[in-house]
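K.L.:
This is the content of run-v1.tsv (TSV, C-alpha atoms):
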```tsv
chain	number	residue	atom	x	y	z
I	1	MET	CA	36.16	26.88	-56.42
I	2	VAL	CA	37.69	23.50	-55.48
I	3	GLN	CA	37.78	24.54	-51.82
I	4	PHE	CA	34.19	25.74	-51.92
I	5	LEU	CA	33.06	22.45	-53.51
I	6	ARG	CA	34.95	20.59	-50.79
I	7	PHE	CA	33.15	22.69	-48.17
I	8	ALA	CA	29.74	21.95	-49.78
I	9	THR	CA	30.55	18.23	-50.03
I	10	ILE	CA	31.53	18.03	-46.35
I	11	ARG	CA	28.33	19.86	-45.33
I	12	PHE	CA	26.26	17.52	-47.49
I	13	GLY	CA	27.95	14.47	-45.97
I	14	LEU	CA	27.24	15.80	-42.47
I	15	ALA	CA	23.59	16.35	-43.44
I	16	VAL	CA	23.21	12.75	-44.64
I	17	PHE	CA	25.00	11.44	-41.54
I	18	THR	CA	22.66	13.47	-39.30
I	19	LEU	CA	19.64	12.05	-41.09
I	20	CYS	CA	20.89	8.49	-40.63
I	21	LEU	CA	21.86	9.09	-36.99
I	22	VAL	CA	18.43	10.51	-36.04
I	23	SER	CA	16.60	7.60	-37.67
I	24	PHE	CA	18.95	5.15	-35.90
I	25	ILE	CA	18.23	6.78	-32.53
I	26	VAL	CA	14.47	6.61	-33.12
I	27	PHE	CA	14.64	2.93	-34.09
I	28	SER	CA	16.92	2.15	-31.13
I	29	LEU	CA	14.65	3.81	-28.58
I	30	MET	CA	11.59	2.06	-29.96
I	31	GLU	CA	13.48	-1.24	-29.87
I	32	LEU	CA	13.88	-0.81	-26.11
I	33	VAL	CA	10.14	-0.36	-25.55
I	34	PRO	CA	8.56	-3.59	-24.21
I	35	GLY	CA	6.29	-5.25	-26.76
I	36	ASP	CA	6.87	-4.90	-30.49
I	37	CYS	CA	4.35	-3.74	-33.05
I	38	ALA	CA	3.14	-7.27	-33.86
I	39	GLU	CA	2.28	-7.97	-30.23
I	40	ARG	CA	0.41	-4.69	-29.88
I	41	TYR	CA	-1.52	-5.22	-33.10
I	42	LEU	CA	-2.61	-8.72	-32.10
I	43	ALA	CA	-3.42	-7.53	-28.57
I	44	PHE	CA	-5.77	-5.00	-30.15
I	45	LYS	CA	-7.34	-7.73	-32.29
I	46	ASN	CA	-7.71	-9.87	-29.16
I	47	SER	CA	-9.54	-7.01	-27.41
I	48	GLN	CA	-11.99	-7.01	-30.32
I	49	GLY	CA	-12.91	-10.63	-29.67
I	50	ALA	CA	-10.43	-12.44	-31.94
I	51	GLN	CA	-8.64	-15.47	-30.46
I	52	ILE	CA	-4.88	-14.90	-30.68
I	53	SER	CA	-2.23	-17.50	-29.86
I	54	ILE	CA	1.54	-17.31	-29.40
I	55	ALA	CA	1.93	-18.98	-32.79
I	56	ASP	CA	-0.08	-16.13	-34.36
I	57	ILE	CA	2.24	-13.58	-32.79
I	58	GLU	CA	5.34	-15.36	-34.09
I	59	ALA	CA	3.82	-15.67	-37.56
I	60	GLU	CA	3.02	-11.97	-37.55
I	61	ARG	CA	6.56	-11.10	-36.45
I	62	VAL	CA	7.96	-13.16	-39.32
I	63	ARG	CA	5.58	-11.52	-41.81
I	64	LEU	CA	6.68	-8.06	-40.69
I	65	GLY	CA	10.36	-9.01	-40.62
I	66	LEU	CA	10.62	-8.38	-36.88
I	67	ASP	CA	12.39	-11.71	-36.43
I	68	ARG	CA	15.49	-10.35	-38.20
I	69	PRO	CA	18.36	-8.73	-36.27
I	70	TYR	CA	17.76	-5.10	-35.40
I	71	LEU	CA	20.72	-3.64	-37.32
I	72	GLU	CA	19.75	-5.58	-40.43
I	73	ARG	CA	16.20	-4.24	-40.26
I	74	TRP	CA	17.37	-0.63	-39.76
I	75	THR	CA	19.97	-0.82	-42.54
I	76	SER	CA	17.42	-2.18	-44.99
I	77	TRP	CA	14.89	0.47	-43.96
I	78	ILE	CA	17.25	3.46	-44.25
I	79	LEU	CA	18.50	2.37	-47.68
I	80	ASN	CA	14.90	2.07	-48.91
I	81	ALA	CA	14.03	5.42	-47.27
I	82	PHE	CA	16.59	7.26	-49.38
I	83	ARG	CA	14.80	5.77	-52.40
I	84	GLY	CA	11.45	7.04	-51.11
I	85	GLU	CA	10.17	3.63	-50.00
I	86	PHE	CA	9.11	3.48	-46.33
I	87	GLY	CA	7.35	0.13	-46.17
I	88	GLU	CA	4.05	-0.66	-44.49
I	89	SER	CA	2.56	0.50	-41.20
I	90	CYS	CA	2.18	-2.68	-39.17
I	91	ILE	CA	-0.69	-1.26	-37.10
I	92	LEU	CA	-2.76	0.42	-39.81
I	93	ARG	CA	-1.90	-2.13	-42.53
I	94	LEU	CA	-1.38	0.58	-45.13
I	95	ASP	CA	1.54	1.57	-47.31
I	96	ILE	CA	3.26	4.46	-45.50
I	97	ASN	CA	3.62	6.56	-48.64
I	98	GLN	CA	-0.13	6.20	-49.19
I	99	LEU	CA	-0.91	6.76	-45.52
I	100	LEU	CA	1.13	9.91	-45.14
I	101	GLY	CA	0.37	11.15	-48.63
I	102	GLN	CA	-0.14	14.88	-48.46
I	103	LYS	CA	-0.15	15.01	-44.64
I	104	VAL	CA	3.61	15.42	-44.27
I	105	TRP	CA	3.92	17.82	-47.18
I	106	LEU	CA	1.08	19.96	-45.84
I	107	SER	CA	2.75	19.98	-42.41
I	108	VAL	CA	6.13	20.95	-43.87
I	109	GLY	CA	4.48	23.55	-46.11
I	110	ILE	CA	2.66	25.14	-43.17
I	111	CYS	CA	5.88	25.27	-41.14
I	112	LEU	CA	7.89	26.75	-44.02
I	113	GLY	CA	5.15	29.30	-44.69
I	114	SER	CA	5.20	30.30	-41.01
I	115	LEU	CA	8.99	30.60	-41.10
I	116	LEU	CA	8.94	32.80	-44.22
I	117	LEU	CA	6.20	34.99	-42.74
I	118	ALA	CA	8.14	35.38	-39.50
I	119	TYR	CA	11.34	36.55	-41.19
I	120	ALA	CA	9.58	38.64	-43.83
I	121	ILE	CA	8.17	40.67	-40.93
I	122	ALA	CA	11.01	40.38	-38.40
I	123	ILE	CA	13.95	41.48	-40.57
I	124	PRO	CA	12.63	44.92	-41.65
I	125	VAL	CA	10.88	45.54	-38.32
I	126	GLY	CA	13.96	44.52	-36.34
I	127	ILE	CA	16.17	46.85	-38.41
I	128	ILE	CA	13.72	49.72	-37.91
I	129	ALA	CA	13.53	49.03	-34.18
I	130	ALA	CA	17.34	49.10	-33.89
I	131	THR	CA	17.85	52.29	-35.92
I	132	SER	CA	14.80	54.39	-35.08
I	133	ARG	CA	15.10	57.13	-32.47
I	134	ASN	CA	11.33	57.51	-32.16
I	135	PRO	CA	10.43	56.42	-28.60
I	136	PHE	CA	6.77	55.76	-29.43
I	137	LEU	CA	7.71	53.48	-32.35
I	138	ASN	CA	10.36	51.67	-30.33
I	139	ASN	CA	8.06	51.08	-27.38
I	140	SER	CA	5.23	49.91	-29.65
I	141	LEU	CA	7.46	47.40	-31.44
I	142	ARG	CA	8.87	46.22	-28.12
I	143	LEU	CA	5.34	45.72	-26.77
I	144	VAL	CA	4.31	43.70	-29.84
I	145	SER	CA	7.38	41.47	-29.59
I	146	TYR	CA	6.90	40.90	-25.85
I	147	LEU	CA	3.24	40.06	-26.45
I	148	GLY	CA	4.27	37.54	-29.12
I	149	LEU	CA	6.64	35.85	-26.68
I	150	ALA	CA	4.18	35.88	-23.76
I	151	LEU	CA	0.99	34.77	-25.56
I	152	PRO	CA	1.12	31.02	-26.36
I	153	ASN	CA	0.18	29.94	-29.87
I	154	PHE	CA	-2.61	27.64	-28.69
I	155	LEU	CA	-4.21	30.49	-26.70
I	156	LEU	CA	-4.02	32.78	-29.73
I	157	ALA	CA	-5.70	30.07	-31.81
I	158	LEU	CA	-8.53	29.77	-29.28
I	159	ILE	CA	-9.00	33.57	-29.17
I	160	ILE	CA	-9.22	33.84	-32.96
I	161	MET	CA	-11.60	30.87	-33.19
I	162	LEU	CA	-13.85	32.31	-30.49
I	163	PHE	CA	-13.91	35.76	-32.10
I	164	SER	CA	-14.60	34.35	-35.57
I	165	THR	CA	-17.36	32.06	-34.26
I	166	VAL	CA	-19.11	34.86	-32.36
I	167	MET	CA	-18.74	37.52	-35.07
I	168	PHE	CA	-19.03	35.51	-38.29
I	169	GLY	CA	-20.37	32.10	-37.28
I	170	ASN	CA	-17.28	30.37	-38.70
I	171	SER	CA	-14.76	28.64	-36.43
I	172	LEU	CA	-12.03	28.70	-39.14
I	173	THR	CA	-11.04	25.08	-38.43
I	174	GLY	CA	-9.59	22.64	-40.95
I	175	LEU	CA	-7.53	23.18	-44.07
I	176	PHE	CA	-10.32	22.55	-46.56
I	177	SER	CA	-14.04	23.11	-46.89
I	178	PRO	CA	-16.09	19.87	-46.69
I	179	GLU	CA	-16.61	19.71	-50.46
I	180	PHE	CA	-12.84	19.97	-51.14
I	181	ARG	CA	-11.55	17.68	-48.36
I	182	ASP	CA	-11.17	14.58	-50.57
I	183	ALA	CA	-11.28	16.27	-53.97
I	184	PRO	CA	-8.36	16.10	-56.43
I	185	TRP	CA	-6.05	19.07	-56.61
I	186	ASP	CA	-7.18	21.79	-59.01
I	187	TRP	CA	-7.30	25.58	-58.96
I	188	ALA	CA	-10.57	25.63	-56.99
I	189	ARG	CA	-9.08	23.40	-54.28
I	190	VAL	CA	-5.90	25.50	-54.16
I	191	LYS	CA	-7.97	28.66	-53.60
I	192	ASP	CA	-9.96	26.92	-50.89
I	193	PHE	CA	-6.72	25.74	-49.24
I	194	LEU	CA	-5.21	29.23	-49.32
I	195	GLY	CA	-8.40	30.57	-47.77
I	196	HIS	CA	-7.90	28.26	-44.77
I	197	VAL	CA	-4.13	27.83	-44.40
I	198	TRP	CA	-3.42	31.49	-43.62
I	199	LEU	CA	-4.67	31.02	-40.04
I	200	PRO	CA	-2.28	28.21	-38.93
I	201	VAL	CA	0.56	29.97	-40.78
I	202	PHE	CA	-0.18	33.19	-38.91
I	203	ILE	CA	-0.57	31.47	-35.53
I	204	LEU	CA	2.61	29.40	-35.85
I	205	GLY	CA	4.51	32.43	-37.13
I	206	TRP	CA	3.29	34.58	-34.22
I	207	SER	CA	5.88	33.66	-31.60
I	208	ALA	CA	8.57	33.00	-34.22
I	209	THR	CA	8.15	36.56	-35.49
I	210	ALA	CA	8.40	38.03	-32.00
I	211	PHE	CA	11.54	36.02	-31.23
I	212	ALA	CA	13.15	36.93	-34.56
I	213	ILE	CA	12.38	40.65	-34.07
I	214	GLN	CA	14.20	40.61	-30.73
I	215	THR	CA	17.14	38.77	-32.29
I	216	VAL	CA	17.46	41.07	-35.32
I	217	ARG	CA	17.12	44.15	-33.14
I	218	ALA	CA	19.85	42.97	-30.74
I	219	LEU	CA	22.24	42.02	-33.55
I	220	MET	CA	21.68	45.28	-35.44
I	221	SER	CA	22.13	47.37	-32.29
I	222	ASP	CA	25.46	45.64	-31.68
I	223	GLU	CA	26.72	46.06	-35.25
I	224	ILE	CA	25.69	49.72	-35.63
I	225	SER	CA	28.00	50.79	-32.81
I	226	LYS	CA	31.10	49.16	-34.34
I	227	LEU	CA	34.00	51.14	-35.80
I	228	TYR	CA	33.66	49.91	-39.38
I	229	VAL	CA	30.17	51.45	-39.55
I	230	THR	CA	31.51	54.75	-38.18
I	231	ALA	CA	34.32	54.64	-40.75
I	232	ALA	CA	31.89	54.01	-43.60
I	233	SER	CA	29.74	56.90	-42.40
I	234	ALA	CA	32.82	59.14	-42.34
I	235	ARG	CA	33.50	58.22	-45.98
I	236	GLY	CA	30.08	59.59	-46.91
I	237	VAL	CA	28.02	56.38	-46.95
I	238	SER	CA	24.69	57.09	-45.31
I	239	GLY	CA	21.01	56.18	-45.07
I	240	ARG	CA	19.67	52.89	-46.38
I	241	ARG	CA	22.87	52.14	-48.28
I	242	LEU	CA	24.91	52.32	-45.06
I	243	LEU	CA	22.49	50.07	-43.16
I	244	LEU	CA	22.14	47.36	-45.82
I	245	ARG	CA	25.76	47.29	-46.93
I	246	TYR	CA	27.42	47.16	-43.52
I	247	PRO	CA	25.59	46.42	-40.23
I	248	ALA	CA	22.61	44.55	-41.75
I	249	ARG	CA	24.84	42.35	-43.87
I	250	HIS	CA	26.82	41.18	-40.86
I	251	ALA	CA	23.92	41.11	-38.41
I	252	LEU	CA	21.77	38.85	-40.60
I	253	SER	CA	24.39	36.11	-40.97
I	254	PRO	CA	23.50	34.49	-37.60
I	255	ILE	CA	19.82	34.78	-38.57
I	256	ILE	CA	20.41	32.78	-41.74
I	257	ASN	CA	22.25	30.15	-39.72
I	258	SER	CA	19.33	29.74	-37.27
I	259	LEU	CA	16.64	28.95	-39.87
I	260	GLY	CA	16.82	25.20	-39.20
I	261	PHE	CA	16.45	25.73	-35.46
I	262	ASP	CA	13.43	27.99	-35.95
I	263	LEU	CA	11.82	25.51	-38.35
I	264	ASN	CA	12.21	22.76	-35.74
I	265	ARG	CA	10.68	24.98	-33.07
I	266	ILE	CA	7.68	25.77	-35.29
I	267	PHE	CA	7.14	22.09	-36.08
I	268	ASN	CA	7.21	21.30	-32.35
I	269	GLU	CA	4.31	23.72	-31.86
I	270	LEU	CA	2.34	22.35	-34.82
I	271	PRO	CA	0.65	19.34	-33.13
I	272	ILE	CA	-1.00	21.49	-30.42
I	273	VAL	CA	-2.20	24.11	-32.91
I	274	ALA	CA	-3.32	21.34	-35.28
I	275	LEU	CA	-5.32	19.71	-32.49
I	276	ILE	CA	-7.14	22.97	-31.75
I	277	LEU	CA	-7.77	23.85	-35.40
I	278	THR	CA	-8.44	20.19	-36.42
I	279	LEU	CA	-5.86	20.34	-39.18
I	280	THR	CA	-4.72	17.48	-41.40
I	281	GLU	CA	-1.13	16.88	-40.32
I	282	ALA	CA	1.32	14.19	-39.24
I	283	GLY	CA	1.76	15.11	-35.56
I	284	SER	CA	-1.05	12.88	-34.30
I	285	LEU	CA	0.24	9.96	-36.39
I	286	LEU	CA	3.72	10.42	-34.93
I	287	ILE	CA	2.40	10.40	-31.36
I	288	GLU	CA	0.35	7.30	-32.12
I	289	ALA	CA	3.34	5.50	-33.65
I	290	LEU	CA	5.77	6.44	-30.87
I	291	ALA	CA	3.65	6.19	-27.74
I	292	ARG	CA	0.97	3.60	-28.46
I	293	SER	CA	1.65	1.24	-31.33
I	294	ASN	CA	5.49	1.12	-31.39
I	295	ASP	CA	5.24	1.31	-35.18
I	296	GLN	CA	8.92	1.77	-36.04
I	297	GLN	CA	8.51	2.21	-39.78
I	298	LEU	CA	5.72	4.80	-39.52
I	299	ALA	CA	7.50	6.80	-36.79
I	300	GLY	CA	10.77	6.51	-38.68
I	301	ALA	CA	9.17	7.80	-41.91
I	302	ILE	CA	7.66	10.86	-40.21
I	303	ILE	CA	10.91	11.65	-38.37
I	304	PHE	CA	12.81	11.09	-41.63
I	305	PHE	CA	10.67	13.68	-43.43
I	306	LEU	CA	10.91	16.17	-40.55
I	307	THR	CA	14.65	15.73	-40.05
I	308	GLY	CA	15.22	15.81	-43.81
I	309	SER	CA	13.44	19.17	-44.04
I	310	ILE	CA	15.45	20.67	-41.18
I	311	VAL	CA	18.75	19.23	-42.44
I	312	ALA	CA	18.04	20.51	-45.96
I	313	ILE	CA	17.33	23.99	-44.61
I	314	ASN	CA	20.56	23.90	-42.58
I	315	PHE	CA	22.56	22.72	-45.60
I	316	ILE	CA	21.15	25.48	-47.80
I	317	THR	CA	21.75	28.13	-45.13
I	318	ASP	CA	25.36	26.96	-44.69
I	319	ILE	CA	25.96	27.44	-48.41
I	320	VAL	CA	24.13	30.79	-48.53
I	321	LEU	CA	26.01	31.98	-45.44
I	322	ALA	CA	29.31	31.09	-47.06
I	323	LEU	CA	28.32	33.12	-50.13
I	324	VAL	CA	27.01	36.25	-48.38
I	325	ASP	CA	29.35	36.52	-45.38
I	326	PRO	CA	32.88	37.55	-46.41
I	327	ARG	CA	34.35	36.29	-43.12
I	328	ILE	CA	33.13	32.73	-43.69
I	329	ARG	CA	33.93	32.85	-47.42
I	330	HIS	CA	37.50	33.96	-46.75
I	331	SER	CA	37.94	31.27	-44.11
I	332	ILE	CA	36.93	28.67	-46.71
I	333	LEU	CA	38.83	30.03	-49.67
I	334	GLY	CA	41.84	31.24	-47.74
```
Can I see the file as structure tokens?
P.N.:
Amino acid sequence: MVQFLRFATIRFGLAVFTLCLVSFIVFSLMELVPGDCAERYLAFKNSQGAQISIADIEAERVRLGLDRPYLERWTSWILNAFRGEFGESCILRLDINQLLGQKVWLSVGICLGSLLLAYAIAIPVGIIAATSRNPFLNNSLRLVSYLGLALPNFLLALIIMLFSTVMFGNSLTGLFSPEFRDAPWDWARVKDFLGHVWLPVFILGWSATAFAIQTVRALMSDEISKLYVTAASARGVSGRRLLLRYPARHALSPIINSLGFDLNRIFNELPIVALILTLTEAGSLLIEALARSNDQQLAGAIIFFLTGSIVAINFITDIVLALVDPRIRHSILG
């Protein structure tokens, strides 16, 4: 138990270090971009007809704390971030917690829902594809997985929107109906949300499912042919018990370890799908903060949430993998 706790502590420390390192890289890259956030904000005000002087820019930099050394600003920000305080967006002049609000959580929820859908389908289908001797079934599953890899998510979104608009007069855009968009959360709003969110979850899970099916199928095909499976079969273990106890148990360990990677890949596809479906999410805010306004605190907060989600998933999967895979558990416990 002491060794396992040491293993969990080391993994947790690496997760926190990764989170700090990613935020430091984001801040460093934005520091190298010519023109800080104060200059860009006042340049925008100047384009609206306001008269801006160099003294105004310096005063704004002092107000935002941009006159302090870079490392001091980042250290203060990351310590506050771990307490859930992300400061103020210098461009939008809003508290970041208030600005992001439910946007980040909705984005993370959509991505996690897509990930769960992908693996809920891919694991049983991949096992069937690897063990079935029916050529029609195998070819059909292979065709579906190839189609999922070849058809981009944004094109699938456009096809579904076009079909729904022509057949039902509803484009299926947005996450809420107009009357629930700014309403407080209650059961009626939850039902309305569930009635809309299934589409982005399905679209984002489309390619992830196809990729996971191919992975599960390849891993299962490799494990089934190994000697320990043949030995178990010779001892009288057969059917579903043989599959789940031996090849599936070992084949799914790499799948568990890749959950964080797949979540990151789904989140990378979210902004394009969100643009097509006009969803409420944080991708557009991140692009605005990184590419246009150089808003370090806003970009850092969004990246912090995203990286935190991925790091948390990786940490959990490391622990789960150590519990379910005897090879890893024995390497830890000796």
K.L.:
Could you list, as JSON, numbers by chain, every residue within 12 Å of Ile25 in chain I, counting all atoms listed in the file and ignoring same-chain residues fewer than 6 positions away?
P.N.:
{"I": [18, 19, 31, 32, 71, 74, 296, 299, 300, 303, 304]}
K.L.:
One decimal, Å: what's the distance from CA of Phe315 in chain I over to CA of Pro200 in chain I, could you say?
P.N.:
26.3 Å
K.L.:
Would you work out the distance separating CA of Phe154 in chain I from CA of Leu219 in chain I, expressed in Å to one decimal?
P.N.:
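Between CA of Phe154 in chain I and CA of Leu219 in chain I the gap is 29.1 Å.
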K.L.:
Can you tell me, as a ChimeraX atom specification, what residues are no more than 7 Å from range 138-152 of chain I when counting all atoms listed in the file, ignoring any on the same chain fewer than 4 positions away?
P.N.:
/I:129,134,156,206-207,210-211,213-214
K.L.:
In Å, with one decimal, what is the gap from CA of Cys90 in chain I to CA of Gln297 in chain I?
P.N.:
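Rounded to one decimal, the two atoms are 8.0 Å apart.
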K.L.:
Neighbours of Ser258 in chain I within 12 Å (only C-alpha atoms; same-chain residues fewer than 6 positions away dropped), as a list in words?
P.N.:
Leu115, Tyr119, Ala208, Phe211, Ala212, Thr215, Val216, Leu252, Asn264, Arg265, Ile310, Val311, Ile313, Asn314, Phe315, Ile316, Thr317, Asp318 and Leu321 of chain I
K.L.:
Show me, as a CSV table (one decimal) with C-alpha atoms, in the coordinates of the input, the residues that have an atom within 8 Å of Leu242 in chain I when counting only C-alpha atoms, minus same-chain residues fewer than 6 positions from it.
P.N.:
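Below you can see result-v6.csv, which holds the result:
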```csv
chain,number,residue,atom,x,y,z
I,229,VAL,CA,30.2,51.4,-39.6
I,232,ALA,CA,31.9,54.0,-43.6
I,233,SER,CA,29.7,56.9,-42.4
```
K.L.:
Mind checking which residues fall within 10 Å of Ala251 in chain I, counting all atoms listed in the file, ignoring those fewer than 5 positions away in the same chain, and posting them as a VMD selection string?
P.N.:
chain I and resid 127 215 to 224 244 246 256 325
K.L.:
Select, from I:Glu85, I:Leu21, I:Arg93, I:Tyr70, the residue with the minimum atom-to-atom distance to Asp295 in chain I, counting only C-alpha atoms.
P.N.:
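Nearest to Asp295 in chain I: I:Arg93.
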K.L.:
For Val16 in chain I, which residue among I:Ala122, I:Phe82, I:Phe168, I:Ile96 is the nearest when counting all atoms listed in the file?
P.N.:
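For Val16 in chain I, the nearest of the candidates is I:Phe82.
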K.L.:
Choose the residue, out of I:Ser76, I:Ser89, I:Ser107, I:Thr165, that has the smallest atom-to-atom separation from Phe305 in chain I; count only C-alpha atoms.
P.N.:
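The answer is I:Ser107, which sits nearest to Phe305 in chain I.
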K.L.:
Hey, can I get the axis-aligned box for range 133-142 of chain I? All listed atoms, 6 Å padding on each side, centre and edge lengths in Å to one decimal, as AutoDock Vina command-line options.
P.N.:
```
--center_x 10.2 --center_y 51.9 --center_z -29.9 --size_x 21.9 --size_y 23.3 --size_z 17.1
```
